[in-house]
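Chemist: Contents of start_18.pdb (PDB, C-alpha atoms):
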```
ATOM      1  CA  ALA A   4     101.090  49.780 109.554
ATOM      2  CA  ASP A   5      97.972  51.718 108.599
ATOM      3  CA  GLN A   6      96.158  50.598 105.454
ATOM      4  CA  VAL A   7      96.313  53.243 102.726
ATOM      5  CA  HIS A   8      93.692  54.113 100.113
ATOM      6  CA  VAL A   9      95.041  55.236  96.722
ATOM      7  CA  ILE A  10      92.916  57.101  94.168
ATOM      8  CA  VAL A  11      94.225  58.196  90.756
ATOM      9  CA  GLY A  12      92.349  60.408  88.306
ATOM     10  CA  VAL A  13      92.942  62.571  85.261
ATOM     11  CA  ASP A  14      91.493  65.696  86.842
ATOM     12  CA  ASP A  15      90.953  67.209  90.276
ATOM     13  CA  LEU A  16      89.288  64.514  92.365
ATOM     14  CA  SER A  17      85.875  64.899  93.998
ATOM     15  CA  VAL A  18      85.839  63.026  97.295
ATOM     16  CA  ASN A  19      83.722  62.837 100.432
ATOM     17  CA  ILE A  20      86.009  61.249 103.020
ATOM     18  CA  ARG A  21      87.457  61.551 106.505
ATOM     19  CA  TYR A  22      91.128  60.732 107.006
ATOM     20  CA  MET A  23      93.672  60.321 109.761
ATOM     21  CA  LYS A  24      95.668  63.420 110.624
ATOM     22  CA  GLY A  25      99.002  63.523 108.823
ATOM     23  CA  SER A  26      98.142  60.707 106.395
ATOM     24  CA  LEU A  27      96.806  62.655 103.390
ATOM     25  CA  VAL A  28      99.106  63.026 100.384
ATOM     26  CA  TYR A  29      97.945  64.720  97.170
ATOM     27  CA  LEU A  30     100.214  64.577  94.125
ATOM     28  CA  ARG A  31      99.868  66.379  90.794
ATOM     29  CA  ALA A  32     101.631  65.279  87.621
ATOM     30  CA  GLU A  33     101.377  67.785  84.789
ATOM     31  CA  THR A  34     101.340  65.111  82.103
ATOM     32  CA  ASN A  35      99.047  64.747  79.115
ATOM     33  CA  PRO A  36      96.434  64.052  80.326
ATOM     34  CA  PRO A  37      97.242  65.475  83.779
ATOM     35  CA  LEU A  38      97.245  62.944  86.598
ATOM     36  CA  ARG A  39      96.140  63.434  90.208
ATOM     37  CA  CYS A  40      96.960  60.933  92.930
ATOM     38  CA  MET A  41      95.575  60.994  96.465
ATOM     39  CA  MET A  42      96.645  58.685  99.309
ATOM     40  CA  TYR A  43      95.297  58.614 102.851
ATOM     41  CA  SER A  44      94.486  56.382 105.820
ATOM     42  CA  SER A  45      91.095  55.949 107.476
ATOM     43  CA  LEU A  46      90.128  57.013 110.966
ATOM     44  CA  PRO A  47      89.267  54.411 113.618
ATOM     45  CA  PRO A  48      85.577  54.165 114.574
ATOM     46  CA  PRO A  49      84.372  56.195 117.566
ATOM     47  CA  HIS A  50      84.384  54.522 120.972
ATOM     48  CA  GLY A  51      81.437  52.182 121.426
ATOM     49  CA  GLU A  52      80.543  52.058 117.724
ATOM     50  CA  GLU A  53      82.359  48.817 116.953
ATOM     51  CA  GLU A  54      79.508  46.726 118.393
ATOM     52  CA  THR A  55      76.879  48.774 116.540
ATOM     53  CA  LEU A  56      78.713  48.264 113.257
ATOM     54  CA  ALA A  57      79.097  44.555 113.917
ATOM     55  CA  ARG A  58      75.358  44.161 114.613
ATOM     56  CA  ALA A  59      74.470  46.130 111.463
ATOM     57  CA  ALA A  60      76.820  43.958 109.411
ATOM     58  CA  ASP A  61      75.315  40.764 110.848
ATOM     59  CA  ALA A  62      71.797  41.999 110.131
ATOM     60  CA  THR A  63      72.734  42.860 106.554
ATOM     61  CA  ASN A  64      74.382  39.488 106.029
ATOM     62  CA  ASP A  65      71.271  37.745 107.387
ATOM     63  CA  ASP A  66      69.072  39.671 104.961
ATOM     64  CA  ASP A  67      71.387  38.760 102.109
ATOM     65  CA  ALA A  68      71.376  35.091 103.124
ATOM     66  CA  GLU A  69      67.579  35.040 103.092
ATOM     67  CA  GLY A  70      67.812  35.808  99.396
ATOM     68  CA  GLY A  71      66.455  39.143  99.204
ATOM     69  CA  ALA A  72      67.413  39.881  96.016
ATOM     70  CA  LYS A  73      68.166  41.256  92.812
ATOM     71  CA  GLY A  74      64.571  41.378  91.667
ATOM     72  CA  ASP A  75      63.612  44.353  93.776
ATOM     73  CA  MET A  76      66.544  46.542  92.780
ATOM     74  CA  PRO A  77      65.596  50.160  91.914
ATOM     75  CA  ALA A  78      64.963  50.601  88.195
ATOM     76  CA  GLY A  79      65.980  54.261  87.982
ATOM     77  CA  PRO A  80      68.613  56.051  85.924
ATOM     78  CA  ALA A  81      71.477  54.951  88.212
ATOM     79  CA  LYS A  82      73.187  51.716  87.180
ATOM     80  CA  VAL A  83      75.632  49.310  88.802
ATOM     81  CA  LEU A  84      79.054  48.940  87.177
ATOM     82  CA  ASP A  85      80.705  46.609  89.693
ATOM     83  CA  ALA A  86      78.972  44.872  92.587
ATOM     84  CA  SER A  87      81.343  41.917  92.949
ATOM     85  CA  ASP A  88      82.119  42.943  96.529
ATOM     86  CA  ALA A  89      78.755  44.489  97.428
ATOM     87  CA  SER A  90      75.815  43.121  99.371
ATOM     88  CA  PRO A  91      72.357  43.506  97.784
ATOM     89  CA  ASP A  92      71.317  45.835 100.612
ATOM     90  CA  LEU A  93      74.259  48.122  99.936
ATOM     91  CA  VAL A  94      73.515  48.187  96.198
ATOM     92  CA  ARG A  95      69.862  49.028  96.832
ATOM     93  CA  ALA A  96      70.713  51.820  99.271
ATOM     94  CA  VAL A  97      73.240  53.425  96.918
ATOM     95  CA  LEU A  98      70.995  53.191  93.848
ATOM     96  CA  ARG A  99      68.074  54.757  95.708
ATOM     97  CA  CYS A 100      70.238  57.710  96.724
ATOM     98  CA  LEU A 101      71.660  58.157  93.234
ATOM     99  CA  ASP A 102      68.185  58.044  91.715
ATOM    100  CA  GLU A 103      67.151  61.082  93.748
ATOM    101  CA  ASP A 104      67.280  64.623  92.396
ATOM    102  CA  PRO A 105      67.812  67.759  94.450
ATOM    103  CA  SER A 106      65.028  70.272  94.865
ATOM    104  CA  SER A 107      65.183  73.269  92.568
ATOM    105  CA  THR A 108      65.002  75.487  95.660
ATOM    106  CA  SER A 109      67.767  73.682  97.522
ATOM    107  CA  ASP A 110      70.436  75.944  99.014
ATOM    108  CA  ASP A 111      72.994  73.092  99.018
ATOM    109  CA  CYS A 112      72.935  72.454  95.305
ATOM    110  CA  LYS A 113      72.582  74.211  91.969
ATOM    111  CA  ALA A 114      70.067  72.090  90.070
ATOM    112  CA  ASP A 115      71.367  73.309  86.686
ATOM    113  CA  ASP A 116      74.998  72.430  87.438
ATOM    114  CA  PRO A 117      75.804  68.723  86.821
ATOM    115  CA  ASP A 118      78.912  68.801  89.020
ATOM    116  CA  SER A 119      76.980  70.392  91.879
ATOM    117  CA  VAL A 120      74.227  67.790  91.545
ATOM    118  CA  ALA A 121      76.817  64.979  91.525
ATOM    119  CA  THR A 122      78.354  66.354  94.721
ATOM    120  CA  TRP A 123      74.890  66.520  96.299
ATOM    121  CA  ARG A 124      74.224  62.876  95.415
ATOM    122  CA  SER A 125      77.622  61.861  96.784
ATOM    123  CA  LYS A 126      76.825  63.517 100.103
ATOM    124  CA  ARG A 127      73.368  61.944 100.091
ATOM    125  CA  VAL A 128      74.894  58.477  99.676
ATOM    126  CA  LYS A 129      77.355  58.976 102.508
ATOM    127  CA  ASP A 130      74.810  60.470 104.916
ATOM    128  CA  THR A 131      72.315  57.666 104.263
ATOM    129  CA  LEU A 132      74.862  54.878 104.720
ATOM    130  CA  THR A 133      76.283  56.512 107.827
ATOM    131  CA  GLU A 134      72.823  56.766 109.357
ATOM    132  CA  THR A 135      72.074  53.130 108.519
ATOM    133  CA  TYR A 136      75.382  51.370 109.127
ATOM    134  CA  GLY A 137      77.566  53.889 110.997
ATOM    135  CA  THR A 138      80.874  55.474 110.078
ATOM    136  CA  TYR A 139      83.128  55.490 108.057
ATOM    137  CA  TRP A 140      81.901  55.509 104.472
ATOM    138  CA  HIS A 141      84.045  56.882 101.663
ATOM    139  CA  VAL A 142      82.612  58.219  98.409
ATOM    140  CA  VAL A 143      84.583  59.250  95.319
ATOM    141  CA  HIS A 144      82.884  60.515  92.172
ATOM    142  CA  ASP A 145      84.049  62.012  88.919
ATOM    143  CA  ALA A 146      82.853  62.564  85.371
ATOM    144  CA  LYS A 147      86.219  61.401  84.043
ATOM    145  CA  PRO A 148      87.845  57.979  84.419
ATOM    146  CA  PHE A 149      89.574  57.266  87.723
ATOM    147  CA  GLY A 150      91.106  54.255  89.422
ATOM    148  CA  ALA A 151      91.227  53.267  93.067
ATOM    149  CA  ALA A 152      93.016  50.737  95.240
ATOM    150  CA  VAL A 153      91.100  50.739  98.524
ATOM    151  CA  SER A 154      90.616  48.546 101.582
ATOM    152  CA  VAL A 155      87.250  47.536 103.002
ATOM    153  CA  SER A 156      86.472  46.657 106.603
ATOM    154  CA  GLN A 157      84.566  43.487 105.657
ATOM    155  CA  PRO A 158      83.309  41.739 102.522
ATOM    156  CA  GLY A 159      80.292  43.209 100.778
ATOM    157  CA  ARG A 160      81.086  46.846 101.508
ATOM    158  CA  LYS A 161      82.207  48.249  98.144
ATOM    159  CA  VAL A 162      80.209  49.140  95.037
ATOM    160  CA  LEU A 163      80.768  51.126  91.845
ATOM    161  CA  CYS A 164      77.756  52.825  90.239
ATOM    162  CA  VAL A 165      77.118  55.361  87.497
ATOM    163  CA  ARG A 166      74.476  57.952  86.736
ATOM    164  CA  GLY A 167      74.847  60.066  83.662
ATOM    165  CA  LYS A 168      78.491  60.968  83.113
ATOM    166  CA  HIS A 169      79.487  60.576  86.773
ATOM    167  CA  SER A 170      80.802  57.378  88.318
ATOM    168  CA  TYR A 171      80.511  56.806  92.079
ATOM    169  CA  LEU A 172      82.762  54.506  94.070
ATOM    170  CA  VAL A 173      81.417  53.768  97.560
ATOM    171  CA  TRP A 174      83.141  51.686 100.224
ATOM    172  CA  ARG A 175      83.404  51.388 103.957
ATOM    173  CA  HIS A 176      86.619  51.166 105.940
ATOM    174  CA  SER A 177      87.788  52.187 109.384
ATOM    175  CA  ALA A 178      91.271  51.770 110.797
ATOM    176  CA  SER A 179      91.940  49.505 113.743
ATOM    177  CA  ARG A 180      91.992  51.326 117.054
ATOM    178  CA  LYS A 181      95.486  52.224 118.257
ATOM    179  CA  SER A 182      96.796  51.899 121.790
ATOM    180  CA  VAL A 183      97.635  55.021 123.763
ATOM    181  CA  LEU A 184     101.348  54.299 123.261
ATOM    182  CA  ASP A 185     100.950  54.012 119.473
ATOM    183  CA  ILE A 186      99.030  57.302 119.364
ATOM    184  CA  PHE A 187     101.726  58.990 121.475
ATOM    185  CA  PHE A 188     104.598  57.880 119.230
ATOM    186  CA  ARG A 189     102.639  58.760 116.082
ATOM    187  CA  GLN A 190     102.001  62.252 117.422
ATOM    188  CA  MET A 191     105.675  62.556 118.341
ATOM    189  CA  ARG A 192     106.668  61.729 114.761
ATOM    190  CA  LEU A 193     104.237  64.307 113.403
ATOM    191  CA  ASP A 194     105.460  66.993 115.826
ATOM    192  CA  LEU A 195     109.164  66.117 115.557
ATOM    193  CA  PRO A 196     110.192  69.161 113.436
ATOM    194  CA  ARG A 197     108.460  71.533 115.848
ATOM    195  CA  LEU A 198     109.964  69.753 118.874
ATOM    196  CA  ARG A 199     113.463  70.033 117.399
ATOM    197  CA  ARG A 200     112.919  73.731 116.784
ATOM    198  CA  VAL A 201     111.693  74.303 120.350
ATOM    199  CA  ALA A 202     114.623  72.296 121.769
ATOM    200  CA  ARG A 203     117.160  74.377 119.839
ATOM    201  CA  LEU A 204     115.664  77.689 120.890
ATOM    202  CA  SER A 205     115.202  76.610 124.520
ATOM    203  CA  PHE A 206     118.803  75.432 124.794
ATOM    204  CA  LEU A 207     120.001  78.661 123.199
ATOM    205  CA  VAL A 208     118.050  80.739 125.729
ATOM    206  CA  VAL A 209     119.439  78.732 128.665
ATOM    207  CA  CYS A 210     123.010  79.062 127.374
ATOM    208  CA  SER A 211     122.558  82.789 126.757
ATOM    209  CA  ILE A 212     121.268  83.404 130.290
ATOM    210  CA  TYR A 213     124.066  81.323 131.781
ATOM    211  CA  ALA A 214     126.701  83.121 129.701
ATOM    212  CA  VAL A 215     125.494  86.512 130.991
ATOM    213  CA  TRP A 216     125.423  85.223 134.572
ATOM    214  CA  TYR A 217     128.897  83.656 134.198
ATOM    215  CA  ARG A 218     130.404  86.895 132.899
ATOM    216  CA  ALA A 219     128.927  88.832 135.807
ATOM    217  CA  MET A 220     129.706  86.377 138.611
ATOM    218  CA  CYS A 221     132.747  84.352 137.598
ATOM    219  CA  ASP A 222     134.961  86.409 135.307
ATOM    220  CA  ASP A 223     136.612  88.755 137.767
ATOM    221  CA  ASP A 224     137.387  89.147 141.439
ATOM    222  CA  ALA A 225     135.356  92.313 141.603
ATOM    223  CA  GLY A 226     132.255  90.451 140.647
ATOM    224  CA  GLU A 227     132.946  87.794 143.267
ATOM    225  CA  ALA A 228     133.614  90.398 145.943
ATOM    226  CA  SER A 229     130.454  92.253 145.021
ATOM    227  CA  SER A 230     128.476  89.029 145.261
ATOM    228  CA  ALA A 231     130.060  88.169 148.609
ATOM    229  CA  ASN A 232     129.389  91.629 150.060
ATOM    230  CA  SER A 233     125.781  91.644 148.863
ATOM    231  CA  SER A 234     125.159  88.157 150.225
ATOM    232  CA  SER A 235     126.794  88.978 153.576
ATOM    233  CA  SER A 236     124.343  91.833 154.071
ATOM    234  CA  ARG A 237     121.428  89.399 153.852
ATOM    235  CA  LYS A 238     120.367  86.744 156.300
ATOM    236  CA  GLY A 239     118.736  83.370 155.866
ATOM    237  CA  VAL A 240     119.442  79.907 154.499
ATOM    238  CA  ILE A 241     119.376  80.957 150.824
ATOM    239  CA  ALA A 242     121.720  83.910 151.410
ATOM    240  CA  GLY A 243     124.143  81.667 153.280
ATOM    241  CA  ALA A 244     124.170  79.057 150.538
ATOM    242  CA  GLU A 245     124.622  81.528 147.669
ATOM    243  CA  PRO A 246     128.453  81.849 147.772
ATOM    244  CA  THR A 247     128.855  78.063 147.763
ATOM    245  CA  LEU A 248     126.328  77.668 144.968
ATOM    246  CA  THR A 249     128.037  80.395 142.945
ATOM    247  CA  ARG A 250     131.435  78.732 143.255
ATOM    248  CA  TYR A 251     129.931  75.398 142.250
ATOM    249  CA  LEU A 252     128.201  76.855 139.180
ATOM    250  CA  CYS A 253     131.372  78.691 138.118
ATOM    251  CA  VAL A 254     133.422  75.489 138.276
ATOM    252  CA  ALA A 255     130.671  73.488 136.563
ATOM    253  CA  GLY A 256     130.455  76.083 133.819
ATOM    254  CA  GLU A 257     134.167  75.765 133.043
ATOM    255  CA  LYS A 258     133.872  71.982 132.734
ATOM    256  CA  ALA A 259     130.585  71.945 130.832
ATOM    257  CA  ALA A 260     131.449  74.716 128.349
ATOM    258  CA  PRO A 261     133.082  72.437 125.727
ATOM    259  CA  PHE A 262     130.135  70.009 125.852
ATOM    260  CA  ALA A 263     127.637  72.871 125.603
ATOM    261  CA  GLY A 264     129.515  74.223 122.618
ATOM    262  CA  VAL A 265     129.460  70.873 120.838
ATOM    263  CA  LEU A 266     125.744  70.368 121.596
ATOM    264  CA  LEU A 267     124.882  73.863 120.353
ATOM    265  CA  ALA A 268     126.859  73.263 117.176
ATOM    266  CA  VAL A 269     125.076  69.952 116.568
ATOM    267  CA  LEU A 270     121.597  71.360 117.284
ATOM    268  CA  PHE A 271     122.008  74.322 114.987
ATOM    269  CA  ALA A 272     123.834  72.374 112.289
ATOM    270  CA  PHE A 273     120.453  70.774 111.421
ATOM    271  CA  SER A 274     118.445  73.970 111.651
ATOM    272  CA  SER A 275     117.157  75.884 108.654
ATOM    273  CA  GLY A 276     119.347  78.939 109.162
ATOM    274  CA  GLY A 277     118.295  82.432 110.125
ATOM    275  CA  VAL A 278     119.043  84.669 113.085
ATOM    276  CA  ALA A 279     118.690  81.913 115.691
ATOM    277  CA  SER A 280     121.263  79.730 113.901
ATOM    278  CA  THR A 281     123.724  82.627 113.640
ATOM    279  CA  ILE A 282     123.411  83.428 117.335
ATOM    280  CA  GLY A 283     123.713  79.751 118.238
ATOM    281  CA  ALA A 284     126.873  79.313 116.178
ATOM    282  CA  ARG A 285     128.383  82.435 117.761
ATOM    283  CA  TYR A 286     127.739  81.161 121.289
ATOM    284  CA  ALA A 287     129.075  77.742 120.349
ATOM    285  CA  ARG A 288     132.363  79.278 119.232
ATOM    286  CA  ALA A 289     132.559  81.465 122.323
ATOM    287  CA  PHE A 290     131.958  78.551 124.693
ATOM    288  CA  SER A 291     134.455  76.327 122.898
ATOM    289  CA  LYS A 292     137.256  78.938 123.000
ATOM    290  CA  ARG A 293     136.743  79.913 126.657
ATOM    291  CA  LYS A 294     139.810  79.193 128.786
ATOM    292  CA  PRO A 295     139.439  77.822 132.326
ATOM    293  CA  LYS A 296     139.785  80.505 135.001
ATOM    294  CA  THR A 297     143.006  80.250 137.010
ATOM    295  CA  ALA A 298     143.125  81.042 140.691
TER     296      ALA A 298
END
```
In structure tokens, how does this file's structure come out?

Modeler:
Amino acid sequence: ADQVHVIVGVDDLSVNIRYMKGSLVYLRAETNPPLRCMMYSSLPPPHGEEETLARAADATNDDDAEGGAKGDMPAGPAKVLDASDASPDLVRAVLRCLDEDPSSTSDDCKADDPDSVATWRSKRVKDTLTETYGTYWHVVHDAKPFGAAVSVSQPGRKVLCVRGKHSYLVWRHSASRKSVLDIFFRQMRLDLPRLRRVARLSFLVVCSIYAVWYRAMCDDDAGEASSANSSSSRKGVIAGAEPTLTRYLCVAGEKAAPFAGVLLAVLFAFSSGGVASTIGARYARAFSKRKPKTA
């Protein structure tokens, strides 16, 4: 099963993330204070990036092992709240980004709006870490308290910092790569409602066309005679096989009608109603009540 990240806050959440299609759930509880809960799964890394990420992680771990330190940490306004699962290099990189201020002429940020500045810093953190270590980095920030239960790809890849009123949670996680078969079945589950709808409508169209053909070709002797006369005036293999094929389809229709009626009833019993369901139910009743044609 895919690992799920859960974030809970007391206001609308500010996040900078990428998530797997169909995995995002956002819940709102109008309590006092109001609660917001977001759940999602990470994307797998792009093809060929696993080795790059592994080398970057090894290099970072080597730097940490050499004792590079807490002494050269940035001494700006940004502070560390929790670095129990963070490497010194990660802490330094995040603090440097949070210590920066946007230009007053920046088009991406309103320098006089604290929330806009916080969003700019969040993006700056993610872009810097992505450029240094690769995807996928997740950043959540808010001026109000929030909690998070998240997974990390490896130790030393999660840190919680604060600057001003805004707290920033930064971590890295990518999902394990799925096989082609797993991706296929996942997509099937996501598309199942649409596939059921297409199957119902397609079967209804086929039954409708066959019902019209059956009424014209099998219901009366006049129709059969007309078909025989028209086919006798034509030559060729297809024209010669048409009477036999018509007789076969007429007999098959009589035997298959009850099953078609039951299948139509079942398909449209689980539909959401509407014109298509009404038509389907009508054809189901008509097929079920049809009496076999006697010679």

Chemist: Taking into account all atoms listed in the file, which residue in the set A:Ile20, A:Ala89, A:Leu46, A:Leu84 is nearest to Leu163 (chain A)?

Modeler: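 Between A:Ile20, A:Ala89, A:Leu46, A:Leu84, the residue approaching Leu163 (chain A) most closely is A:Leu84.
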
Chemist: Identify all residues satisfying the PyMOL selection byres ((chain A and resi 39) around 12) in the given file; provide them as a list in words.

Modeler: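 Taken on the displayed file, the PyMOL selection byres ((chain A and resi 39) around 12) yields the residues Val9, Ile10, Val11, Gly12, Val13, Asp14, Asp15, Leu16, Ser17, Val28, Tyr29, Leu30, Arg31, Ala32, Glu33, Thr34, Asn35, Pro36, Pro37, Leu38, Cys40, Met41, Met42, Lys147, Pro148, Phe149, Gly150 and Ala151 of chain A.
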
Chemist: Take the selection from the previous step and output its residues with C-alpha atoms, as a PDB file, in the frame of the given file.

Modeler:
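Dumped everything to selection-v4.pdb:
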```
ATOM      1  CA  VAL A   9      95.041  55.236  96.722  1.00  0.00           C
ATOM      2  CA  ILE A  10      92.916  57.101  94.168  1.00  0.00           C
ATOM      3  CA  VAL A  11      94.225  58.196  90.756  1.00  0.00           C
ATOM      4  CA  GLY A  12      92.349  60.408  88.306  1.00  0.00           C
ATOM      5  CA  VAL A  13      92.942  62.571  85.261  1.00  0.00           C
ATOM      6  CA  ASP A  14      91.493  65.696  86.842  1.00  0.00           C
ATOM      7  CA  ASP A  15      90.953  67.209  90.276  1.00  0.00           C
ATOM      8  CA  LEU A  16      89.288  64.514  92.365  1.00  0.00           C
ATOM      9  CA  SER A  17      85.875  64.899  93.998  1.00  0.00           C
ATOM     10  CA  VAL A  28      99.106  63.026 100.384  1.00  0.00           C
ATOM     11  CA  TYR A  29      97.945  64.720  97.170  1.00  0.00           C
ATOM     12  CA  LEU A  30     100.214  64.577  94.125  1.00  0.00           C
ATOM     13  CA  ARG A  31      99.868  66.379  90.794  1.00  0.00           C
ATOM     14  CA  ALA A  32     101.631  65.279  87.621  1.00  0.00           C
ATOM     15  CA  GLU A  33     101.377  67.785  84.789  1.00  0.00           C
ATOM     16  CA  THR A  34     101.340  65.111  82.103  1.00  0.00           C
ATOM     17  CA  ASN A  35      99.047  64.747  79.115  1.00  0.00           C
ATOM     18  CA  PRO A  36      96.434  64.052  80.326  1.00  0.00           C
ATOM     19  CA  PRO A  37      97.242  65.475  83.779  1.00  0.00           C
ATOM     20  CA  LEU A  38      97.245  62.944  86.598  1.00  0.00           C
ATOM     21  CA  CYS A  40      96.960  60.933  92.930  1.00  0.00           C
ATOM     22  CA  MET A  41      95.575  60.994  96.465  1.00  0.00           C
ATOM     23  CA  MET A  42      96.645  58.685  99.309  1.00  0.00           C
ATOM     24  CA  LYS A 147      86.219  61.401  84.043  1.00  0.00           C
ATOM     25  CA  PRO A 148      87.845  57.979  84.419  1.00  0.00           C
ATOM     26  CA  PHE A 149      89.574  57.266  87.723  1.00  0.00           C
ATOM     27  CA  GLY A 150      91.106  54.255  89.422  1.00  0.00           C
ATOM     28  CA  ALA A 151      91.227  53.267  93.067  1.00  0.00           C
TER      29      ALA A 151
END
```

Chemist: Pull the closest atom pair for each residue of region 73-99 of chain A that gets at most 12 Å from region 152-159 of chain A, along with the distance in Å to one decimal, counting only C-alpha atoms, ordering rows by chain and then ascending residue number, as CSV.

Modeler:
```
residue,atom,partner,partner_atom,distance
A:Asp85,CA,A:Gly159,CA,11.6
A:Ala86,CA,A:Gly159,CA,8.5
A:Ser87,CA,A:Gly159,CA,8.0
A:Asp88,CA,A:Gly159,CA,4.6
A:Ala89,CA,A:Gly159,CA,3.9
A:Ser90,CA,A:Gly159,CA,4.7
A:Pro91,CA,A:Gly159,CA,8.5
A:Asp92,CA,A:Gly159,CA,9.4
A:Leu93,CA,A:Gly159,CA,7.8
A:Val94,CA,A:Gly159,CA,9.6
```

Chemist: Which residue out of A:Tyr139, A:Glu134, A:Ser119, A:Ala96 has the minimum interatomic distance to Arg21 (chain A) when all atoms listed in the file are used?

Modeler: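 Ranking A:Tyr139, A:Glu134, A:Ser119, A:Ala96 by distance to Arg21 (chain A), first place goes to A:Tyr139.
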
Chemist: Tell me which protein, DNA and RNA residues are within 12 Å of Met76 (chain A), counting all atoms listed in the file, leaving out same-chain ones fewer than 2 positions away, and put them as a list in words.

Modeler: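 Answer for this query is Gly71, Ala72, Lys73, Gly74, Ala78, Gly79, Pro80, Ala81, Lys82, Val83, Ser90, Pro91, Asp92, Leu93, Val94, Arg95, Ala96, Val97, Leu98, Arg99 and Asp102 of chain A.
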
Chemist: One number please: CA of Pro47 (chain A) to CA of Arg197 (chain A), in Å, one decimal.

Modeler: 25.8 Å

Chemist: For the atom pair CA of Arg124 (chain A) and CA of Glu103 (chain A), what is the interatomic distance in Å to one decimal place?

Modeler: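 Atom-to-atom, CA of Arg124 (chain A) and CA of Glu103 (chain A) are spaced 7.5 Å apart.
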
Chemist: Could you tell me how far CA of Asp145 (chain A) lies from CA of Val18 (chain A), in Å and to one decimal?

Modeler: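 Taking CA of Asp145 (chain A) and CA of Val18 (chain A), their separation equals 8.6 Å.
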
Chemist: Taking into account all atoms listed in the file, which residue in the set A:Ala219, A:Cys253, A:Ala146, A:Leu267 is nearest to Leu204 (chain A)?

Modeler: A:Leu267

Chemist: So, with all atoms listed in the file as the atoms that count, which of A:Asn19, A:Thr135, A:Ser205, A:Ser177 lies closest to Trp123 (chain A)?

Modeler: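 Counting all atoms listed in the file, the residue closest to Trp123 (chain A) is A:Asn19.
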
Chemist: Please return as a PyMOL selection string every residue within 10 Å of (76.8, 65.3, 90.7), taking into account only C-alpha atoms and the file's own coordinates.

Modeler: chain A and resi 17+101+104+112-114+116-126+144-146+166-171

Chemist: Rank A:Lys258, A:Lys24, A:Gly264, A:Val143 by their smallest atom-to-atom distance to Leu207 (chain A), using all atoms listed in the file, and report the top residue only.

Modeler: A:Gly264
